[in-house]
file work13.cif (mmCIF, C-alpha atoms)
data_protein
#
loop_
_atom_site.label_atom_id
_atom_site.label_comp_id
_atom_site.auth_asym_id
_atom_site.auth_seq_id
_atom_site.Cartn_x
_atom_site.Cartn_y
_atom_site.Cartn_z
CA MET A 89 -3.18 17.34 21.82
CA LYS A 90 -4.30 20.26 23.97
CA LEU A 91 -7.97 20.10 24.95
CA ASN A 92 -8.51 23.88 24.91
CA LYS A 93 -7.32 24.03 21.30
CA VAL A 94 -9.15 20.98 19.95
CA LEU A 95 -12.61 21.47 21.52
CA PRO A 96 -13.21 24.84 19.78
CA ILE A 97 -12.34 23.16 16.46
CA LEU A 98 -14.80 20.34 17.15
CA PHE A 99 -17.40 22.89 18.23
CA LEU A 100 -17.02 24.74 14.93
CA ILE A 101 -17.15 21.53 12.89
CA MET A 102 -20.32 20.30 14.58
CA PHE A 103 -21.88 23.77 14.40
CA LEU A 104 -21.25 23.99 10.63
CA VAL A 105 -22.51 20.43 10.09
CA MET A 106 -25.78 21.24 11.88
CA VAL A 107 -26.15 24.61 10.14
CA GLY A 108 -25.94 22.81 6.80
CA PHE A 109 -28.40 20.18 7.98
CA GLY A 110 -30.79 22.75 9.45
CA ILE A 111 -30.86 25.02 6.40
CA ILE A 112 -33.05 22.60 4.45
CA ILE A 113 -35.62 21.96 7.19
CA PRO A 114 -38.01 24.86 6.42
CA VAL A 115 -37.92 24.32 2.67
CA LEU A 116 -37.93 20.52 2.18
CA PRO A 117 -41.72 20.04 2.69
CA PHE A 118 -42.54 22.80 0.16
CA TYR A 119 -39.86 21.57 -2.25
CA ALA A 120 -41.21 18.01 -2.13
CA GLU A 121 -44.76 19.28 -2.55
CA GLU A 122 -43.72 21.23 -5.65
CA LEU A 123 -42.41 17.98 -7.16
CA GLY A 124 -45.78 16.34 -6.46
CA ALA A 125 -45.13 14.53 -3.18
CA THR A 126 -48.21 13.56 -1.16
CA PRO A 127 -48.31 14.11 2.63
CA ALA A 128 -47.66 10.38 3.11
CA GLN A 129 -44.64 10.51 0.80
CA LEU A 130 -43.35 13.54 2.69
CA GLY A 131 -43.64 11.61 5.93
CA PHE A 132 -41.63 8.73 4.47
CA LEU A 133 -39.11 11.22 3.07
CA MET A 134 -38.47 12.56 6.56
CA ALA A 135 -38.47 9.12 8.21
CA VAL A 136 -36.14 7.37 5.75
CA TYR A 137 -33.26 9.65 6.76
CA SER A 138 -33.59 8.72 10.44
CA PHE A 139 -34.01 5.05 9.52
CA MET A 140 -30.75 5.04 7.57
CA GLN A 141 -29.01 6.65 10.53
CA PHE A 142 -30.51 4.05 12.86
CA VAL A 143 -29.12 1.24 10.69
CA PHE A 144 -25.70 2.67 9.81
CA ALA A 145 -24.52 4.69 12.85
CA PRO A 146 -23.12 1.61 14.66
CA MET A 147 -21.25 0.55 11.51
CA TRP A 148 -19.52 3.92 11.20
CA GLY A 149 -18.68 3.87 14.90
CA LYS A 150 -16.99 0.49 14.48
CA ILE A 151 -15.10 1.67 11.39
CA SER A 152 -13.85 4.77 13.25
CA ASP A 153 -12.49 2.49 16.00
CA ARG A 154 -10.59 0.58 13.32
CA ILE A 155 -9.27 3.15 10.84
CA GLY A 156 -9.52 6.44 12.76
CA ARG A 157 -11.94 9.27 13.47
CA LYS A 158 -10.85 11.85 10.89
CA PRO A 159 -11.54 9.85 7.69
CA VAL A 160 -14.95 8.73 8.98
CA ILE A 161 -15.92 12.30 9.95
CA MET A 162 -14.90 13.38 6.43
CA VAL A 163 -17.09 10.64 4.90
CA GLY A 164 -20.04 11.86 6.97
CA ILE A 165 -19.64 15.49 5.97
CA PHE A 166 -19.09 14.57 2.31
CA GLY A 167 -22.33 12.56 2.44
CA LEU A 168 -24.23 15.57 3.71
CA SER A 169 -22.80 17.81 0.99
CA LEU A 170 -23.54 15.27 -1.74
CA SER A 171 -27.13 14.74 -0.57
CA PHE A 172 -27.81 18.50 -0.49
CA PHE A 173 -26.58 18.97 -4.06
CA ILE A 174 -28.67 15.99 -5.25
CA LEU A 175 -31.69 17.57 -3.56
CA ALA A 176 -30.96 20.88 -5.31
CA LEU A 177 -30.87 19.15 -8.70
CA SER A 178 -33.88 16.88 -8.12
CA THR A 179 -36.66 16.92 -10.67
CA GLU A 180 -38.46 13.73 -9.57
CA ILE A 181 -39.67 12.45 -6.21
CA TRP A 182 -37.43 9.36 -6.43
CA MET A 183 -34.42 11.69 -6.60
CA LEU A 184 -35.48 13.24 -3.28
CA PHE A 185 -35.62 9.78 -1.72
CA ALA A 186 -32.23 8.88 -3.22
CA ALA A 187 -30.72 12.03 -1.73
CA ARG A 188 -32.19 11.38 1.70
CA ILE A 189 -31.09 7.73 1.69
CA ILE A 190 -27.53 8.61 0.62
CA GLY A 191 -27.42 11.46 3.14
CA GLY A 192 -28.77 9.25 5.94
CA ILE A 193 -26.30 6.43 5.28
CA LEU A 194 -23.19 8.61 5.06
CA SER A 195 -24.04 11.37 7.55
CA ALA A 196 -24.75 8.69 10.17
CA ALA A 197 -20.97 8.82 10.61
CA ASN A 198 -20.96 12.35 12.02
CA MET A 199 -22.42 12.27 15.53
CA PRO A 200 -20.99 8.97 16.84
CA THR A 201 -17.52 9.66 15.45
CA ILE A 202 -17.29 13.24 16.69
CA THR A 203 -18.56 12.07 20.08
CA ALA A 204 -15.93 9.30 20.07
CA TYR A 205 -13.30 11.89 19.15
CA VAL A 206 -14.25 13.89 22.24
CA ALA A 207 -13.93 10.73 24.36
CA ASP A 208 -10.48 10.11 22.84
CA ILE A 209 -9.09 13.50 23.80
CA THR A 210 -10.72 14.05 27.20
CA SER A 211 -9.96 12.62 30.58
CA GLU A 212 -12.89 11.17 32.53
CA GLU A 213 -12.90 14.37 34.58
CA ASP A 214 -13.31 16.57 31.49
CA ARG A 215 -15.56 14.19 29.52
CA GLY A 216 -18.79 15.97 30.50
CA LYS A 217 -17.36 19.32 29.42
CA GLY A 218 -16.43 17.95 26.00
CA MET A 219 -19.80 16.28 25.42
CA GLY A 220 -21.60 19.44 26.54
CA ILE A 221 -19.69 21.57 24.05
CA ILE A 222 -20.65 19.22 21.20
CA GLY A 223 -24.26 19.32 22.39
CA ALA A 224 -24.21 23.12 22.45
CA ALA A 225 -22.74 23.25 18.93
CA THR A 226 -25.46 20.89 17.70
CA GLY A 227 -28.19 23.00 19.29
CA LEU A 228 -26.87 26.33 18.02
CA GLY A 229 -26.37 24.98 14.51
CA PHE A 230 -29.94 23.74 14.56
CA ILE A 231 -31.10 27.25 15.52
CA PHE A 232 -29.18 29.20 12.87
CA GLY A 233 -29.60 26.66 10.05
CA PRO A 234 -33.41 26.85 9.71
CA ALA A 235 -33.27 30.64 10.12
CA ILE A 236 -30.84 30.92 7.19
CA GLY A 237 -32.89 28.45 5.17
CA GLY A 238 -36.08 30.40 5.79
CA VAL A 239 -34.50 33.63 4.52
CA PHE A 240 -33.14 32.12 1.30
CA THR A 241 -36.34 30.18 0.60
CA LYS A 242 -37.95 33.56 -0.14
CA ILE A 243 -35.31 34.19 -2.82
CA ASP A 244 -35.40 30.80 -4.52
CA LEU A 245 -36.65 27.36 -3.48
CA HIS A 246 -33.42 25.71 -4.67
CA ALA A 247 -31.06 28.19 -2.98
CA PRO A 248 -31.09 26.65 0.55
CA PHE A 249 -29.94 23.29 -0.84
CA TYR A 250 -27.04 24.83 -2.76
CA ILE A 251 -26.07 26.84 0.32
CA ALA A 252 -26.30 23.77 2.58
CA GLY A 253 -24.17 21.75 0.15
CA THR A 254 -21.58 24.52 -0.03
CA VAL A 255 -21.45 24.95 3.76
CA SER A 256 -20.92 21.21 4.17
CA PHE A 257 -18.21 21.13 1.49
CA VAL A 258 -16.36 24.03 3.13
CA THR A 259 -16.63 22.16 6.45
CA LEU A 260 -15.12 19.09 4.76
CA ILE A 261 -12.11 21.11 3.58
CA PHE A 262 -11.76 22.63 7.05
CA VAL A 263 -11.69 19.15 8.64
CA PHE A 264 -9.12 17.92 6.09
CA LEU A 265 -6.79 20.85 6.75
CA ILE A 266 -7.21 21.46 10.49
CA LEU A 267 -8.37 18.37 12.35
CA LYS A 268 -5.77 15.86 13.55
CA GLU A 269 -6.39 12.17 14.15
CA SER A 270 -7.27 11.22 17.74
CA LEU A 271 -7.58 7.42 17.71
CA HIS A 272 -4.03 6.94 19.01
CA LEU A 273 -5.13 8.70 22.20
CA ALA A 274 -7.97 6.25 22.90
CA PRO A 275 -7.07 3.91 25.78
CA HIS A 276 -6.88 0.17 25.02
CA ARG A 277 -7.81 0.84 21.42
CA GLN A 278 -6.36 -2.47 20.20
CA ASN A 279 -8.97 -4.60 21.98
CA LYS A 280 -11.85 -2.17 21.54
CA ARG A 281 -12.93 -3.16 18.07
CA ASN A 282 -15.83 -4.79 16.31
CA THR A 283 -16.91 -7.11 19.12
CA LEU A 284 -20.03 -5.20 20.22
CA THR A 285 -23.26 -6.35 18.55
CA LEU A 286 -26.85 -5.24 19.05
CA GLY A 287 -27.48 -8.38 21.10
CA LYS A 288 -24.60 -7.53 23.41
CA VAL A 289 -25.84 -3.93 23.68
CA ILE A 290 -29.32 -5.03 24.72
CA GLY A 291 -28.00 -7.62 27.14
CA GLY A 292 -24.99 -5.69 28.39
CA PRO A 293 -24.39 -3.71 31.58
CA THR A 294 -24.99 -0.35 29.84
CA ALA A 295 -28.20 -1.47 28.06
CA LEU A 296 -30.42 0.70 30.26
CA LEU A 297 -28.56 3.85 29.16
CA TYR A 298 -29.36 3.09 25.51
CA PHE A 299 -33.04 2.52 26.25
CA LEU A 300 -33.12 5.67 28.39
CA GLN A 301 -31.85 7.67 25.39
CA PHE A 302 -34.46 6.02 23.16
CA PHE A 303 -37.35 7.09 25.41
CA ILE A 304 -35.96 10.62 25.76
CA SER A 305 -35.67 10.86 21.97
CA VAL A 306 -39.23 9.57 21.47
CA SER A 307 -40.64 12.20 23.83
CA LEU A 308 -38.61 15.06 22.30
CA SER A 309 -39.44 14.24 18.68
CA GLY A 310 -43.10 13.75 19.59
CA LEU A 311 -43.12 17.28 20.97
CA GLU A 312 -41.34 18.68 17.90
CA ALA A 313 -43.87 17.01 15.59
CA THR A 314 -47.00 18.29 17.34
CA PHE A 315 -46.22 21.51 19.18
CA ALA A 316 -46.89 23.78 16.18
CA TYR A 317 -50.48 22.53 16.00
CA PHE A 318 -50.90 22.58 19.78
CA ALA A 319 -49.61 26.16 20.11
CA ALA A 320 -51.76 27.38 17.22
CA ILE A 321 -54.90 26.11 18.95
CA ARG A 322 -53.99 27.01 22.53
CA ALA A 323 -52.25 30.35 21.97
CA GLY A 324 -52.94 31.32 18.34
CA LEU A 325 -49.25 31.23 17.43
CA ASP A 326 -48.12 31.24 13.79
CA ALA A 327 -45.01 29.82 12.10
CA VAL A 328 -42.91 32.95 12.68
CA THR A 329 -43.58 33.16 16.42
CA LEU A 330 -43.05 29.40 16.73
CA GLY A 331 -39.66 29.87 15.13
CA TYR A 332 -38.77 32.41 17.81
CA ILE A 333 -39.99 30.08 20.56
CA PHE A 334 -37.89 27.17 19.34
CA MET A 335 -34.95 29.56 19.03
CA ILE A 336 -35.37 30.57 22.69
CA MET A 337 -35.60 26.90 23.65
CA GLY A 338 -32.45 26.17 21.66
CA PHE A 339 -30.45 28.97 23.27
CA ALA A 340 -31.56 27.87 26.76
CA SER A 341 -30.50 24.30 25.98
CA ALA A 342 -27.16 25.36 24.46
CA ALA A 343 -26.39 27.64 27.42
CA VAL A 344 -26.76 24.84 29.96
CA GLN A 345 -24.84 22.40 27.73
CA GLY A 346 -21.98 24.89 27.60
CA SER A 347 -21.83 24.68 31.41
CA MET A 348 -21.68 20.89 31.46
CA GLY A 349 -18.02 20.84 32.45
CA LYS A 350 -18.65 22.63 35.74
CA LEU A 351 -21.89 20.76 36.40
CA THR A 352 -20.50 17.26 35.90
CA LYS A 353 -17.35 18.01 37.91
CA LYS A 354 -19.47 19.26 40.79
CA TYR A 355 -22.37 16.79 40.72
CA GLY A 356 -21.41 13.91 38.38
CA GLU A 357 -23.23 12.62 35.28
CA GLY A 358 -25.71 10.55 37.29
CA THR A 359 -27.11 13.52 39.19
CA ILE A 360 -27.24 15.62 36.01
CA ILE A 361 -29.16 12.89 34.14
CA ARG A 362 -31.69 12.58 36.99
CA ALA A 363 -32.13 16.35 37.21
CA GLY A 364 -32.45 16.66 33.43
CA ILE A 365 -35.18 14.03 33.28
CA ILE A 366 -37.10 15.63 36.16
CA VAL A 367 -36.88 19.14 34.67
CA SER A 368 -37.91 17.97 31.18
CA GLY A 369 -40.84 16.05 32.72
CA ILE A 370 -41.93 19.22 34.53
CA GLY A 371 -41.54 21.06 31.22
CA PHE A 372 -43.97 18.66 29.54
CA GLY A 373 -46.49 19.30 32.31
CA LEU A 374 -46.11 23.08 32.02
CA ILE A 375 -46.55 22.95 28.23
CA LEU A 376 -50.11 21.74 28.84
CA LEU A 377 -50.75 25.15 30.47
CA THR A 378 -49.60 27.14 27.40
CA GLU A 379 -51.86 30.10 26.68
CA SER A 380 -49.64 32.79 25.11
CA PHE A 381 -46.30 33.45 23.41
CA THR A 382 -44.69 34.23 26.77
CA THR A 383 -45.86 31.07 28.52
CA ALA A 384 -44.94 28.94 25.49
CA ALA A 385 -41.44 30.43 25.41
CA ILE A 386 -40.87 30.00 29.17
CA PHE A 387 -42.24 26.45 29.33
CA LEU A 388 -40.32 25.25 26.27
CA ALA A 389 -37.14 26.89 27.62
CA ILE A 390 -37.58 24.97 30.89
CA PHE A 391 -38.07 21.77 28.91
CA GLY A 392 -35.02 22.59 26.76
CA VAL A 393 -32.79 23.10 29.80
CA GLY A 394 -33.76 19.70 31.19
CA ASN A 395 -33.65 17.83 27.91
CA GLY A 396 -30.42 19.48 26.79
CA VAL A 397 -28.22 18.00 29.52
CA ILE A 398 -29.38 14.40 29.15
CA ARG A 399 -27.71 13.30 25.86
CA PRO A 400 -24.25 14.79 26.68
CA SER A 401 -24.34 13.24 30.16
CA VAL A 402 -25.41 9.84 28.82
CA SER A 403 -22.64 10.02 26.17
CA SER A 404 -20.08 10.91 28.82
CA LEU A 405 -21.19 8.16 31.20
CA LEU A 406 -21.41 5.58 28.43
CA THR A 407 -17.86 6.17 27.19
CA LYS A 408 -16.63 5.85 30.76
CA ARG A 409 -18.48 2.60 31.44
CA SER A 410 -18.35 0.84 28.06
CA LYS A 411 -15.74 -1.90 27.71
CA MET A 412 -15.72 -1.55 23.91
CA GLY A 413 -14.41 1.11 21.57
CA TYR A 414 -15.74 4.64 21.95
CA GLY A 415 -16.94 4.64 18.34
CA VAL A 416 -18.93 1.44 18.79
CA ALA A 417 -20.51 2.69 22.02
CA THR A 418 -21.47 6.10 20.62
CA GLY A 419 -22.58 4.55 17.32
CA TYR A 420 -25.21 2.45 19.06
CA LEU A 421 -26.24 5.47 21.15
CA SER A 422 -26.85 7.44 17.94
CA SER A 423 -28.75 4.45 16.56
CA PHE A 424 -31.13 4.33 19.55
CA ASP A 425 -31.53 8.11 19.30
CA SER A 426 -32.45 7.83 15.61
CA LEU A 427 -34.92 5.03 16.36
CA GLY A 428 -36.58 7.35 18.85
CA ARG A 429 -36.82 10.00 16.14
CA ILE A 430 -38.63 7.53 13.91
CA VAL A 431 -41.10 6.37 16.56
CA GLY A 432 -41.63 9.76 18.25
CA PRO A 433 -43.37 11.72 15.46
CA ILE A 434 -45.61 8.74 14.61
CA LEU A 435 -46.61 8.21 18.25
CA GLY A 436 -46.99 11.95 18.85
CA GLY A 437 -49.21 12.33 15.78
CA LEU A 438 -51.42 9.42 16.76
CA LEU A 439 -51.80 10.66 20.34
CA TYR A 440 -52.50 14.21 19.15
CA SER A 441 -55.30 12.93 16.89
CA VAL A 442 -56.96 11.46 20.00
CA SER A 443 -56.43 14.52 22.22
CA ILE A 444 -54.13 17.51 21.69
CA GLY A 445 -52.62 17.22 25.17
CA LEU A 446 -51.78 13.50 24.98
CA PRO A 447 -48.31 13.86 23.40
CA TYR A 448 -47.20 15.90 26.45
CA ILE A 449 -48.89 13.63 28.97
CA SER A 450 -47.03 10.75 27.28
CA GLY A 451 -43.87 12.88 27.56
CA ILE A 452 -44.37 12.98 31.34
CA LEU A 453 -44.89 9.21 31.43
CA LEU A 454 -41.83 8.58 29.25
CA SER A 455 -39.80 10.84 31.55
CA ILE A 456 -40.92 8.76 34.55
CA LEU A 457 -39.96 5.60 32.65
CA ALA A 458 -36.55 7.06 31.74
CA TYR A 459 -35.96 8.07 35.36
CA SER A 460 -36.87 4.56 36.52
CA LEU A 461 -34.45 3.06 34.00
CA PHE A 462 -31.64 5.23 35.27
CA ARG A 463 -32.45 4.35 38.88
CA ALA A 464 -32.24 0.67 37.90
CA TYR A 465 -28.94 1.26 36.10
CA ALA A 466 -27.48 3.13 39.09
CA ASN A 467 -28.56 0.34 41.46
CA LYS A 468 -26.85 -2.25 39.23
CA GLU A 469 -23.68 -0.17 39.21
CA ARG A 470 -23.68 -0.02 43.01
CA GLU A 471 -24.15 -3.80 43.21
CA VAL A 472 -21.15 -4.34 40.94
CA GLU A 473 -19.00 -2.02 43.03
#

call {"tool": "encode", "arguments": {"input": "work13.cif", "output": "structure tokens"}}
result
Amino acid sequence: MKLNKVLPILFLIMFLVMVGFGIIIPVLPFYAEELGATPAQLGFLMAVYSFMQFVFAPMWGKISDRIGRKPVIMVGIFGLSLSFFILALSTEIWMLFAARIIGGILSAANMPTITAYVADITSEEDRGKGMGIIGAATGLGFIFGPAIGGVFTKIDLHAPFYIAGTVSFVTLIFVFLILKESLHLAPHRQNKRNTLTLGKVIGGPTALLYFLQFFISVSLSGLEATFAYFAAIRAGLDAVTLGYIFMIMGFASAAVQGSMGKLTKKYGEGTIIRAGIIVSGIGFGLILLTESFTTAAIFLAIFGVGNGVIRPSVSSLLTKRSKMGYGVATGYLSSFDSLGRIVGPILGGLLYSVSIGLPYISGILLSILAYSLFRAYANKEREVE
């Protein structure tokens, strides 16, 4: 299986998955409100999806180690498509929750399994490149998806859901026809099965990497949940200009992720993780100085560059160091990431209600904590060697 032929296919798959996912983001709050959802119910509607992913991502990772990557990826994409069509046909609030729960359970298969697929087909030398390409595809899909959704929301409130469902279904057919199984390429796959539990993750040698990802996810999602309000007060920015700013941040992040292959070969994942944490911490500090569209765009781009390299580097390092199956390892990584996305908006909202700058001050502190965790992990690695 030639790497240069497979990675573009994986890039396209992940891009299409995230476009479908992103299409519904601008419209879901208004759609739920139209069906009578209260702000509290909307919050639960958003959180339940991440909670399902937190619970089920490790399970799908284990299953992919046992039966193969391709069928599990197909289950994940089918789940997305099904949930979008249920959302489109919803007439009651409970139907929205059913769609989000089904989507969260099944789509939890996507990220860990595609990441494990990359680990299957890459050598340790090329692992960073592969993870960076998946990260770039995720970021770009998340840019174009909401933009498409915003356009079609003006035509009809149901249209984005039908489009998202169709995009996901087309992606499913593409995977079925084009993607080949990769599990046979995974080293030592016979003894890398269902033996990793949450207890072993927390107490294992790579535990600090999982907690590092959790804190990074908390800080990022806290920013995403509060920055619109912060920028409106500090710089008078509206929803349209905020969309442009997040687009600039996304492109900056995707650009550096696309260069991960060269960066990791030259410096190694450890150096990239340290640099990413430092740059994202500086980005949080600069965000406190936001006073215009230009400063907001520059500061968020700096943050995006730093934050963007952390997850791919952690994924790469984890698959190199884990003694279990790639799917199990990446499944738990996705689970910790999802847990961060549950905690982050709640913490960010609470801190913002105290003082509008607190979510970003906490981002600096969480960056320091993440950096300390990685230092501790690196010291343990040196002791083992």

call {"tool": "residues_around", "arguments": {"input": "work13.cif", "residues": "region 306-312 of chain A", "least_positions_apart": "6", "cutoff": "6 Å", "atoms": "only C-alpha atoms", "output": "PyMOL selection string"}}
result
chain A and resi 428-429+432-433+436+451

call {"tool": "resolve_selection", "arguments": {"input": "work13.cif", "expression": "the PyMOL selection byres ((chain A and resi 362) around 10)", "output": "ChimeraX atom specification"}}
result
/A:357-361,363-367,394,397-398,455,458-460,462-463

call {"tool": "resolve_selection", "arguments": {"input": "work13.cif", "expression": "the PyMOL selection byres ((chain A and resi 112-123) around 9)", "output": "ChimeraX atom specification"}}
result
/A:108-111,124-127,129-130,133,172,175,178-181,184,233-235,237-238,241,245-246,248-249,252

call {"tool": "atom_distance", "arguments": {"input": "work13.cif", "atom1": "CA of Arg470 (chain A)", "atom2": "CA of Pro293 (chain A)"}}
result
12.0 Å

call {"tool": "resolve_selection", "arguments": {"input": "work13.cif", "expression": "the PyMOL selection byres ((chain A and resi 350) around 12)", "output": "PyMOL selection string"}}
result
chain A and resi 213-218+220-221+344-349+351-357+360

call {"tool": "atom_distance", "arguments": {"input": "work13.cif", "atom1": "CA of Val255 (chain A)", "atom2": "CA of Ala176 (chain A)"}}
result
13.8 Å

call {"tool": "axis_aligned_box", "arguments": {"input": "work13.cif", "around": "region 288-295 of chain A", "padding_each_side": "5 Å", "output": "JSON"}}
result
{"center_x": -26.9, "center_y": -4.0, "center_z": 27.5, "size_x": 14.9, "size_y": 17.3, "size_z": 18.2}

call {"tool": "closest_atom_pairs", "arguments": {"input": "work13.cif", "of": "region 415-444 of chain A", "to": "region 139-146 of chain A", "cutoff": "8 Å", "atoms": "only C-alpha atoms", "output": "Markdown table"}}
result
| residue | atom | partner | partner_atom | distance |
| --- | --- | --- | --- | --- |
| A:Gly415 | CA | A:Pro146 | CA | 7.8 |
| A:Val416 | CA | A:Pro146 | CA | 5.9 |
| A:Ala417 | CA | A:Pro146 | CA | 7.9 |
| A:Thr418 | CA | A:Pro146 | CA | 7.6 |
| A:Gly419 | CA | A:Pro146 | CA | 4.0 |
| A:Tyr420 | CA | A:Pro146 | CA | 4.9 |
| A:Ser422 | CA | A:Ala145 | CA | 6.2 |
| A:Ser423 | CA | A:Phe142 | CA | 4.1 |
| A:Phe424 | CA | A:Phe142 | CA | 6.7 |
| A:Asp425 | CA | A:Phe142 | CA | 7.7 |
| A:Ser426 | CA | A:Phe142 | CA | 5.1 |
| A:Leu427 | CA | A:Phe142 | CA | 5.7 |
| A:Ile430 | CA | A:Phe139 | CA | 6.8 |

call {"tool": "write_last_selection", "arguments": {"input": "work13.cif", "atoms": "C-alpha atoms", "output": "PDB file, keeping the file's coordinate frame"}}
result
ATOM      1  CA  GLY A 415     -16.940   4.640  18.340  1.00  0.00           C
ATOM      2  CA  VAL A 416     -18.930   1.440  18.790  1.00  0.00           C
ATOM      3  CA  ALA A 417     -20.510   2.690  22.020  1.00  0.00           C
ATOM      4  CA  THR A 418     -21.470   6.100  20.620  1.00  0.00           C
ATOM      5  CA  GLY A 419     -22.580   4.550  17.320  1.00  0.00           C
ATOM      6  CA  TYR A 420     -25.210   2.450  19.060  1.00  0.00           C
ATOM      7  CA  SER A 422     -26.850   7.440  17.940  1.00  0.00           C
ATOM      8  CA  SER A 423     -28.750   4.450  16.560  1.00  0.00           C
ATOM      9  CA  PHE A 424     -31.130   4.330  19.550  1.00  0.00           C
ATOM     10  CA  ASP A 425     -31.530   8.110  19.300  1.00  0.00           C
ATOM     11  CA  SER A 426     -32.450   7.830  15.610  1.00  0.00           C
ATOM     12  CA  LEU A 427     -34.920   5.030  16.360  1.00  0.00           C
ATOM     13  CA  ILE A 430     -38.630   7.530  13.910  1.00  0.00           C
TER      14      ILE A 430
END

call {"tool": "closest_residue", "arguments": {"input": "work13.cif", "among": "A:Ala464, A:Leu95, A:Ile456, A:Ala316", "to": "Ser368 (chain A)", "atoms": "all atoms listed in the file"}}
result
A:Ile456

call {"tool": "residues_around", "arguments": {"input": "work13.cif", "residues": "Arg409 (chain A)", "least_positions_apart": "6", "cutoff": "12 Å", "atoms": "all atoms listed in the file", "output": "PyMOL selection string"}}
result
chain A and resi 207+212+292-295+297+357+402-403+417-418+465-466+469

call {"tool": "atom_distance", "arguments": {"input": "work13.cif", "atom1": "CA of Val393 (chain A)", "atom2": "CA of Leu377 (chain A)"}}
result
18.1 Å

call {"tool": "residues_around", "arguments": {"input": "work13.cif", "residues": "region 162-168 of chain A", "least_positions_apart": "3", "cutoff": "7 Å", "atoms": "all atoms listed in the file", "output": "list in words"}}
result
Lys158, Pro159, Ser171, Phe172, Ile190, Gly191, Leu194, Ser195, Ala196, Ala197, Asn198, Ser256, Phe257, Leu260 and Val263 of chain A

call {"tool": "closest_residue", "arguments": {"input": "work13.cif", "among": "A:Phe230, A:Tyr332, A:Phe103, A:Phe387", "to": "Ile375 (chain A)", "atoms": "all atoms listed in the file"}}
result
A:Phe387

call {"tool": "residues_around", "arguments": {"input": "work13.cif", "residues": "Gly338 (chain A)", "least_positions_apart": "2", "cutoff": "7 Å", "atoms": "all atoms listed in the file", "output": "VMD selection string"}}
result
chain A and resid 227 to 228 231 334 to 336 340 to 342 392

call {"tool": "write_last_selection", "arguments": {"input": "work13.cif", "atoms": "C-alpha atoms", "output": "PDB file, in the coordinates of the input"}}
result
ATOM      1  CA  GLY A 227     -28.190  23.000  19.290  1.00  0.00           C
ATOM      2  CA  LEU A 228     -26.870  26.330  18.020  1.00  0.00           C
ATOM      3  CA  ILE A 231     -31.100  27.250  15.520  1.00  0.00           C
ATOM      4  CA  PHE A 334     -37.890  27.170  19.340  1.00  0.00           C
ATOM      5  CA  MET A 335     -34.950  29.560  19.030  1.00  0.00           C
ATOM      6  CA  ILE A 336     -35.370  30.570  22.690  1.00  0.00           C
ATOM      7  CA  ALA A 340     -31.560  27.870  26.760  1.00  0.00           C
ATOM      8  CA  SER A 341     -30.500  24.300  25.980  1.00  0.00           C
ATOM      9  CA  ALA A 342     -27.160  25.360  24.460  1.00  0.00           C
ATOM     10  CA  GLY A 392     -35.020  22.590  26.760  1.00  0.00           C
TER      11      GLY A 392
END

call {"tool": "closest_residue", "arguments": {"input": "work13.cif", "among": "A:Gly369, A:Asp153, A:Met147, A:Val136", "to": "Phe185 (chain A)", "atoms": "only C-alpha atoms"}}
result
A:Val136

call {"tool": "residues_around", "arguments": {"input": "work13.cif", "residues": "region 439-448 of chain A", "least_positions_apart": "4", "cutoff": "7 Å", "atoms": "all atoms listed in the file", "output": "list in words"}}
result
Gly310, Leu311, Phe318, Phe372, Gly373, Leu376, Leu435 and Ile452 of chain A

call {"tool": "closest_residue", "arguments": {"input": "work13.cif", "among": "A:Val94, A:Leu457, A:Met134, A:Leu286", "to": "Phe303 (chain A)", "atoms": "all atoms listed in the file"}}
result
A:Leu457
